[in-house]
Every structure is written in C-alpha cells, then in structure tokens.
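A.B. asks: Below you'll find start_32.pdb; it's PDB, C-alpha atoms.
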```pdb
ATOM      1  CA  MET A 266      52.910   1.393  99.123
ATOM      2  CA  ALA A 267      49.980   2.080  96.814
ATOM      3  CA  ARG A 268      50.723   3.123  93.255
ATOM      4  CA  PRO A 269      49.210   6.355  91.993
ATOM      5  CA  LYS A 270      46.174   5.774  89.829
ATOM      6  CA  GLN A 271      46.965   6.089  86.149
ATOM      7  CA  PHE A 272      44.441   7.813  83.953
ATOM      8  CA  ASP A 273      44.075   8.603  80.306
ATOM      9  CA  PRO A 274      44.163  12.411  79.914
ATOM     10  CA  ASP A 275      42.373  12.220  76.540
ATOM     11  CA  ARG A 276      39.523  10.203  78.031
ATOM     12  CA  ALA A 277      39.330  12.593  80.980
ATOM     13  CA  LEU A 278      39.199  15.599  78.638
ATOM     14  CA  ASP A 279      36.496  13.956  76.524
ATOM     15  CA  ALA A 280      34.422  13.236  79.625
ATOM     16  CA  ALA A 281      34.911  16.780  80.934
ATOM     17  CA  MET A 282      34.033  18.140  77.494
ATOM     18  CA  ASP A 283      30.760  16.251  77.592
ATOM     19  CA  ALA A 284      29.957  17.654  81.048
ATOM     20  CA  PHE A 285      30.732  21.247  80.055
ATOM     21  CA  TRP A 286      28.878  20.819  76.778
ATOM     22  CA  ARG A 287      25.730  19.550  78.464
ATOM     23  CA  LYS A 288      25.597  22.068  81.312
ATOM     24  CA  GLY A 289      27.777  25.029  80.382
ATOM     25  CA  TYR A 290      30.804  26.267  82.251
ATOM     26  CA  ALA A 291      29.152  27.928  85.238
ATOM     27  CA  ALA A 292      26.605  25.192  85.883
ATOM     28  CA  THR A 293      29.191  22.391  85.756
ATOM     29  CA  SER A 294      30.243  21.696  89.325
ATOM     30  CA  ALA A 295      33.418  20.066  90.569
ATOM     31  CA  GLN A 296      31.269  17.061  91.467
ATOM     32  CA  ASP A 297      29.939  16.898  87.885
ATOM     33  CA  LEU A 298      33.534  16.756  86.658
ATOM     34  CA  VAL A 299      34.445  14.082  89.190
ATOM     35  CA  ASP A 300      31.399  12.033  88.192
ATOM     36  CA  SER A 301      31.972  12.404  84.451
ATOM     37  CA  THR A 302      35.725  11.749  84.445
ATOM     38  CA  GLY A 303      35.791   9.073  87.137
ATOM     39  CA  LEU A 304      38.730  10.865  88.740
ATOM     40  CA  GLY A 305      38.878  11.917  92.355
ATOM     41  CA  ARG A 306      38.925  15.647  93.076
ATOM     42  CA  GLY A 307      42.597  15.530  94.012
ATOM     43  CA  SER A 308      43.578  13.708  90.832
ATOM     44  CA  LEU A 309      41.445  16.003  88.713
ATOM     45  CA  TYR A 310      42.954  19.156  90.166
ATOM     46  CA  ASN A 311      46.493  17.736  90.225
ATOM     47  CA  ALA A 312      46.166  17.028  86.516
ATOM     48  CA  PHE A 313      44.416  20.234  85.445
ATOM     49  CA  THR A 314      44.963  22.667  88.405
ATOM     50  CA  SER A 315      41.511  24.281  88.216
ATOM     51  CA  LYS A 316      38.099  24.124  86.612
ATOM     52  CA  HIS A 317      39.072  27.123  84.480
ATOM     53  CA  ARG A 318      42.260  25.467  83.239
ATOM     54  CA  LEU A 319      40.363  22.246  82.527
ATOM     55  CA  PHE A 320      37.812  24.212  80.487
ATOM     56  CA  GLN A 321      40.615  25.817  78.480
ATOM     57  CA  GLU A 322      42.059  22.372  77.765
ATOM     58  CA  VAL A 323      38.608  21.141  76.747
ATOM     59  CA  LEU A 324      38.252  24.040  74.287
ATOM     60  CA  ARG A 325      41.672  23.210  72.806
ATOM     61  CA  ARG A 326      40.643  19.579  72.409
ATOM     62  CA  TYR A 327      37.346  20.647  70.813
ATOM     63  CA  GLU A 328      39.278  22.867  68.404
ATOM     64  CA  ASP A 329      41.686  20.072  67.535
ATOM     65  CA  ARG A 330      38.848  17.701  66.794
ATOM     66  CA  TRP A 331      36.111  19.750  65.097
ATOM     67  CA  THR A 332      37.968  22.672  63.571
ATOM     68  CA  THR A 333      40.551  20.407  61.987
ATOM     69  CA  ARG A 334      37.758  18.295  60.513
ATOM     70  CA  GLN A 335      36.061  21.364  59.012
ATOM     71  CA  GLU A 336      39.350  22.575  57.542
ATOM     72  CA  ALA A 337      39.938  19.199  55.897
ATOM     73  CA  VAL A 338      36.506  19.243  54.239
ATOM     74  CA  LEU A 339      37.007  22.809  53.007
ATOM     75  CA  GLU A 340      40.369  21.875  51.475
ATOM     76  CA  GLY A 341      38.839  18.946  49.581
ATOM     77  CA  PRO A 342      38.686  18.470  45.820
ATOM     78  CA  GLU A 343      34.924  18.944  45.388
ATOM     79  CA  GLY A 344      33.347  22.151  44.185
ATOM     80  CA  ILE A 345      33.014  25.008  46.671
ATOM     81  CA  ARG A 346      29.270  24.605  47.138
ATOM     82  CA  GLU A 347      29.646  20.882  47.821
ATOM     83  CA  ARG A 348      32.397  21.508  50.386
ATOM     84  CA  ILE A 349      30.464  24.224  52.194
ATOM     85  CA  ARG A 350      27.290  22.128  52.050
ATOM     86  CA  ALA A 351      29.188  19.206  53.592
ATOM     87  CA  VAL A 352      30.406  21.346  56.507
ATOM     88  CA  MET A 353      26.983  22.888  57.095
ATOM     89  CA  MET A 354      25.061  19.629  56.738
ATOM     90  CA  THR A 355      27.343  18.021  59.319
ATOM     91  CA  VAL A 356      25.963  20.595  61.751
ATOM     92  CA  VAL A 357      22.390  19.826  60.694
ATOM     93  CA  GLU A 358      22.931  16.070  61.034
ATOM     94  CA  GLU A 359      24.606  16.357  64.435
ATOM     95  CA  GLU A 360      21.883  18.570  65.858
ATOM     96  CA  VAL A 361      18.937  16.631  64.438
ATOM     97  CA  ALA A 362      20.442  13.277  65.452
ATOM     98  CA  ALA A 363      20.875  14.522  69.019
ATOM     99  CA  GLN A 364      17.100  15.093  69.385
ATOM    100  CA  ASP A 365      16.444  16.345  72.918
ATOM    101  CA  GLY A 366      20.145  16.376  73.769
ATOM    102  CA  ARG A 367      20.990  19.095  71.252
ATOM    103  CA  ARG A 368      24.095  20.827  72.466
ATOM    104  CA  GLY A 369      25.067  23.248  69.727
ATOM    105  CA  CYS A 370      28.727  24.120  69.268
ATOM    106  CA  LEU A 371      30.941  24.143  72.350
ATOM    107  CA  ALA A 372      32.806  27.211  71.059
ATOM    108  CA  VAL A 373      29.560  29.085  70.383
ATOM    109  CA  ASN A 374      28.197  28.069  73.775
ATOM    110  CA  ALA A 375      31.415  29.315  75.423
ATOM    111  CA  ALA A 376      31.194  32.584  73.478
ATOM    112  CA  VAL A 377      27.597  33.162  74.539
ATOM    113  CA  GLU A 378      28.306  32.316  78.169
ATOM    114  CA  LEU A 379      31.782  33.743  78.754
ATOM    115  CA  ALA A 380      33.083  35.943  75.918
ATOM    116  CA  GLY A 381      33.705  39.417  77.220
ATOM    117  CA  LEU A 382      33.773  38.119  80.799
ATOM    118  CA  ASP A 383      36.727  35.759  80.558
ATOM    119  CA  PRO A 384      39.688  36.967  78.470
ATOM    120  CA  ASP A 385      41.196  33.476  78.120
ATOM    121  CA  VAL A 386      37.975  31.950  76.820
ATOM    122  CA  THR A 387      37.344  34.976  74.602
ATOM    123  CA  ALA A 388      40.792  34.570  73.036
ATOM    124  CA  ARG A 389      40.380  30.819  72.518
ATOM    125  CA  VAL A 390      36.931  31.178  70.922
ATOM    126  CA  ARG A 391      38.158  34.036  68.740
ATOM    127  CA  HIS A 392      41.009  31.776  67.620
ATOM    128  CA  ILE A 393      38.624  28.917  66.789
ATOM    129  CA  PHE A 394      36.304  31.193  64.827
ATOM    130  CA  GLY A 395      39.328  32.715  63.076
ATOM    131  CA  ARG A 396      40.586  29.312  61.943
ATOM    132  CA  VAL A 397      37.225  28.450  60.434
ATOM    133  CA  GLU A 398      36.985  31.854  58.753
ATOM    134  CA  GLU A 399      40.467  31.423  57.259
ATOM    135  CA  ALA A 400      39.568  27.955  55.967
ATOM    136  CA  LEU A 401      36.414  29.360  54.387
ATOM    137  CA  TYR A 402      38.318  32.302  52.946
ATOM    138  CA  GLY A 403      40.972  30.024  51.437
ATOM    139  CA  ALA A 404      38.345  27.766  49.896
ATOM    140  CA  LEU A 405      36.343  30.687  48.523
ATOM    141  CA  ALA A 406      39.419  32.481  47.137
ATOM    142  CA  ARG A 407      40.466  29.256  45.399
ATOM    143  CA  ALA A 408      36.928  28.850  44.040
ATOM    144  CA  GLN A 409      37.037  32.400  42.726
ATOM    145  CA  ARG A 410      40.359  31.719  40.957
ATOM    146  CA  ASP A 411      38.794  28.574  39.473
ATOM    147  CA  GLY A 412      35.755  30.496  38.228
ATOM    148  CA  GLU A 413      33.215  28.946  40.631
ATOM    149  CA  ILE A 414      32.610  32.280  42.362
ATOM    150  CA  GLY A 415      32.153  35.517  40.436
ATOM    151  CA  ALA A 416      35.065  37.940  40.238
ATOM    152  CA  ASP A 417      32.778  40.628  41.665
ATOM    153  CA  LYS A 418      32.432  38.733  44.974
ATOM    154  CA  ASP A 419      34.615  39.486  48.002
ATOM    155  CA  PRO A 420      35.883  36.125  49.315
ATOM    156  CA  ARG A 421      36.553  37.572  52.792
ATOM    157  CA  ALA A 422      33.026  38.965  53.083
ATOM    158  CA  LEU A 423      31.614  35.664  51.819
ATOM    159  CA  ALA A 424      33.721  33.743  54.348
ATOM    160  CA  GLN A 425      32.338  35.881  57.166
ATOM    161  CA  PHE A 426      28.800  35.464  55.826
ATOM    162  CA  VAL A 427      29.126  31.672  55.698
ATOM    163  CA  LEU A 428      30.792  31.631  59.133
ATOM    164  CA  ASN A 429      27.830  33.538  60.533
ATOM    165  CA  ALA A 430      25.384  31.113  58.900
ATOM    166  CA  LEU A 431      27.384  28.108  60.110
ATOM    167  CA  TYR A 432      27.408  29.212  63.730
ATOM    168  CA  GLY A 433      23.840  30.415  63.453
ATOM    169  CA  LEU A 434      22.925  26.843  62.508
ATOM    170  CA  ARG A 435      24.529  25.689  65.749
ATOM    171  CA  VAL A 436      22.346  28.037  67.758
ATOM    172  CA  LEU A 437      19.126  27.383  65.819
ATOM    173  CA  GLY A 438      19.938  23.684  65.744
ATOM    174  CA  LYS A 439      19.124  23.486  69.423
ATOM    175  CA  THR A 440      15.430  23.944  68.607
ATOM    176  CA  ALA A 441      14.769  24.019  64.854
ATOM    177  CA  ASP A 442      13.746  21.072  62.697
ATOM    178  CA  ARG A 443      15.709  19.560  59.794
ATOM    179  CA  ARG A 444      13.615  21.354  57.153
ATOM    180  CA  THR A 445      14.355  24.778  58.648
ATOM    181  CA  LEU A 446      18.056  24.051  59.039
ATOM    182  CA  THR A 447      18.386  22.639  55.527
ATOM    183  CA  GLY A 448      16.601  25.718  54.157
ATOM    184  CA  ILE A 449      19.256  27.906  55.783
ATOM    185  CA  VAL A 450      21.987  25.811  54.171
ATOM    186  CA  ASP A 451      20.330  26.110  50.751
ATOM    187  CA  THR A 452      19.864  29.882  51.073
ATOM    188  CA  THR A 453      23.469  30.344  52.177
ATOM    189  CA  LEU A 454      24.753  28.376  49.181
ATOM    190  CA  ALA A 455      22.495  30.304  46.797
ATOM    191  CA  ALA A 456      24.085  33.553  48.014
ATOM    192  CA  LEU A 457      27.497  32.405  46.838
TER     193      LEU A 457
END
```
For this file, produce the structure as structure tokens.
C.D. replies:
Amino acid sequence: MARPKQFDPDRALDAAMDAFWRKGYAATSAQDLVDSTGLGRGSLYNAFTSKHRLFQEVLRRYEDRWTTRQEAVLEGPEGIRERIRAVMMTVVEEEVAAQDGRRGCLAVNAAVELAGLDPDVTARVRHIFGRVEEALYGALARAQRDGEIGADKDPRALAQFVLNALYGLRVLGKTADRRTLTGIVDTTLAAL
C-alpha cells in the first residue's frame, strides 16, 4: 500500500504566497497553485479545502512574517525617526531590488483587489493594517513622552499619516525609482 505523500505546510504556503503575490487572487488558477506548490490538486484541496481558504492562510502567514518584523523595528531602542526610516526604507529596498518583479505589499494588493467584495479578506487586511498602526502609535506615543515628538502633535494622527505613507510606498514602489521613494520617506519623517 502506498504511503500518503508528506508535505511541508510552511513551504506550500510560501509557494502559494508567491503565486498569489505575482498574479493576484483572481488571476491565480488552481493549476498555478499546483505548479507553485508541487502538490497535486487533491492534496492541495485536502490540506486547505479551497482556494479562498488557502488565500486566507497565506495572508495570515504574510502577517506573521512581515507585520511582526515591522513591529520589532518600531519597538527598537533607536530614535523614532530612525525606526520609522528603517521600516520605510525596507519597503524601498525590497521594491527597488525586485526590479521588474515588483510586487508591492500582499496586504495592500489584497485590499485593492478584494476589500469590500470579500468580508474575510477585508477583515484580515484591516487587522494587518491595524497592527501596523498600533505599532506606529505606540512608538510615536513613546517618542512624544521622551520629547522626540512635540507635545502639540497627535500620535494617533501621526501613526495614520505614516501608515498611509508606508502603504503608499508599496503602491508607488511598483513603478517609481529609488530617488522618488526615498524623497517620500524624507518628507514623511520631516512631518514628524
């Protein structure tokens, strides 16, 4: 009797993430997922039940990886401008390094494609954006207590402003050059 094929769910999710990231949710076919993961259709659907469920798992994995990394940088010991610059310049570096394969942010791409149409994806993206906003807010409130940010500034409004600039970089990063993206980072930091 043949043994069932064992697979690494993390590797499968990473491969599916890459497929969704390159093509978007709607344009990623079942065959694309089979090709990218190396799993047969039956194994893929036995493991994840549907394309929609797989996409939700991919978004969770994306959140675990990238959002956690951003939170860690924002909680660091450096000054607030250095921490925010580090988060924003990571976006610039990732997009510029990708050259013609610029993908943007998976959460932003999902929001543009599916938010408002798919309640599950809308909720997941809202959660991701909320985590980043809270990390920014915490860092900015701490910076205000430490005297790095003026007492007249609203840390929540600043967090939302930086969040908007951060995700705007992901969108513009698909086409803009390093100089343009770095200029946005510098202008955002100057507004703090």
A.B. asks: Quick one: distance from atom CA of Thr452 of chain A to atom CA of Arg368 of chain A in Å, one decimal?
C.D. replies: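 A separation of 23.6 Å between them.
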A.B. asks: Just the number, please: distance in Å from atom CA of Leu319 of chain A to atom CA of Glu378 of chain A, one decimal.
C.D. replies: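 According to the coordinates, atom CA of Leu319 of chain A and atom CA of Glu378 of chain A are separated by 16.3 Å.
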A.B. asks: For the atom pair atom CA of Tyr327 of chain A and atom CA of Glu358 of chain A, what is the interatomic distance in Å to one decimal place?
C.D. replies: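 Interatomic distance, atom CA of Tyr327 of chain A to atom CA of Glu358 of chain A: 18.0 Å.
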A.B. asks: What's the 9 Å shell around Leu428 of chain A, counting all atoms listed in the file, without same-chain residues fewer than 5 positions away, as a list of chain:residue names?
C.D. replies: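 Listed by chain and then number, they are A:Phe394, A:Val397, A:Glu398, A:Leu401, A:Leu423, A:Gly433.
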A.B. asks: Save out the residues we just selected, C-alpha atoms, as a tab-separated table (two decimals), in the coordinates of the input.
C.D. replies:
```
chain	number	residue	atom	x	y	z
A	394	PHE	CA	36.30	31.19	64.83
A	397	VAL	CA	37.22	28.45	60.43
A	398	GLU	CA	36.98	31.85	58.75
A	401	LEU	CA	36.41	29.36	54.39
A	423	LEU	CA	31.61	35.66	51.82
A	433	GLY	CA	23.84	30.42	63.45
```
A.B. asks: Hey, what comes out of the PyMOL selection byres ((chain A and resi 328) around 10) on this file? Could you write it as a PyMOL selection string?
C.D. replies: chain A and resi 322-327+329-334+371-372+389-390+392-394+396-397
A.B. asks: Would you pick out the contacts of Trp286 of chain A at 10 Å or less, using all atoms listed in the file, so that residues sharing its chain but fewer than 4 positions from it are not included, and give the list as a VMD selection string?
C.D. replies: chain A and resid 280 to 282 290 293 323 367 to 372 374 to 375
A.B. asks: Next, the residues of the selection above should be written as a short mmCIF file (atom, residue, chain, number, x, y, z; two decimals), in the coordinates of the input with C-alpha atoms.
C.D. replies:
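The new file out-v1.cif reads:
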```cif
data_model
loop_
_atom_site.label_atom_id
_atom_site.label_comp_id
_atom_site.auth_asym_id
_atom_site.auth_seq_id
_atom_site.Cartn_x
_atom_site.Cartn_y
_atom_site.Cartn_z
CA ALA A 280 34.42 13.24 79.62
CA ALA A 281 34.91 16.78 80.93
CA MET A 282 34.03 18.14 77.49
CA TYR A 290 30.80 26.27 82.25
CA THR A 293 29.19 22.39 85.76
CA VAL A 323 38.61 21.14 76.75
CA ARG A 367 20.99 19.10 71.25
CA ARG A 368 24.10 20.83 72.47
CA GLY A 369 25.07 23.25 69.73
CA CYS A 370 28.73 24.12 69.27
CA LEU A 371 30.94 24.14 72.35
CA ALA A 372 32.81 27.21 71.06
CA ASN A 374 28.20 28.07 73.78
CA ALA A 375 31.42 29.32 75.42
#
```
A.B. asks: Quick one: everything within 12 Å of Ala277 of chain A, counting all atoms listed in the file, minus sequence neighbours fewer than 3 positions away in the same chain. Send it as a list in words.
C.D. replies: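 Within the cut-off, the hits are Gln271, Phe272, Asp273, Pro274, Ala280, Ala281, Met282, Asp283, Ala284, Leu298, Val299, Asp300, Ser301, Thr302, Gly303, Leu304, Gly305, Ser308, Leu309, Tyr310, Ala312, Phe313, Leu319, Phe320, Glu322, Val323 and Arg326 of chain A.
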A.B. asks: Tell me which residues the PyMOL selection byres ((chain A and resi 443) around 10) grabs here, as number ranges by chain.
C.D. replies: A: 354, 357-358, 360-362, 438, 440-442, 444-449
A.B. asks: Restrict the selected residues to C-alpha atoms and save them as a PDB file, in the frame of the given file.
C.D. replies:
```pdb
ATOM      1  CA  MET A 354      25.061  19.629  56.738  1.00  0.00           C
ATOM      2  CA  VAL A 357      22.390  19.826  60.694  1.00  0.00           C
ATOM      3  CA  GLU A 358      22.931  16.070  61.034  1.00  0.00           C
ATOM      4  CA  GLU A 360      21.883  18.570  65.858  1.00  0.00           C
ATOM      5  CA  VAL A 361      18.937  16.631  64.438  1.00  0.00           C
ATOM      6  CA  ALA A 362      20.442  13.277  65.452  1.00  0.00           C
ATOM      7  CA  GLY A 438      19.938  23.684  65.744  1.00  0.00           C
ATOM      8  CA  THR A 440      15.430  23.944  68.607  1.00  0.00           C
ATOM      9  CA  ALA A 441      14.769  24.019  64.854  1.00  0.00           C
ATOM     10  CA  ASP A 442      13.746  21.072  62.697  1.00  0.00           C
ATOM     11  CA  ARG A 444      13.615  21.354  57.153  1.00  0.00           C
ATOM     12  CA  THR A 445      14.355  24.778  58.648  1.00  0.00           C
ATOM     13  CA  LEU A 446      18.056  24.051  59.039  1.00  0.00           C
ATOM     14  CA  THR A 447      18.386  22.639  55.527  1.00  0.00           C
ATOM     15  CA  GLY A 448      16.601  25.718  54.157  1.00  0.00           C
ATOM     16  CA  ILE A 449      19.256  27.906  55.783  1.00  0.00           C
TER      17      ILE A 449
END
```
A.B. asks: The PyMOL selection byres ((chain A and resi 453-456) around 12) on the file shown: which residues, as a PyMOL selection string?
C.D. replies: chain A and resi 344-354+405+414-415+418+422-431+433-434+446-452+457
A.B. asks: Taking all atoms listed in the file into account, name the residue in A:Ala416, A:Val386, A:Ala408, A:Val377 that is nearest to Arg435 of chain A.
C.D. replies: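 Closest candidate: A:Val377.
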A.B. asks: Give the centre and edge lengths of an axis-aligned box, in Å to one decimal, that holds all listed atoms of segment 304-309 of chain A with 8 Å on each side, as JSON.
C.D. replies:
```
{"center_x": 41.2, "center_y": 13.4, "center_z": 91.4, "size_x": 20.8, "size_y": 21.1, "size_z": 21.3}
```
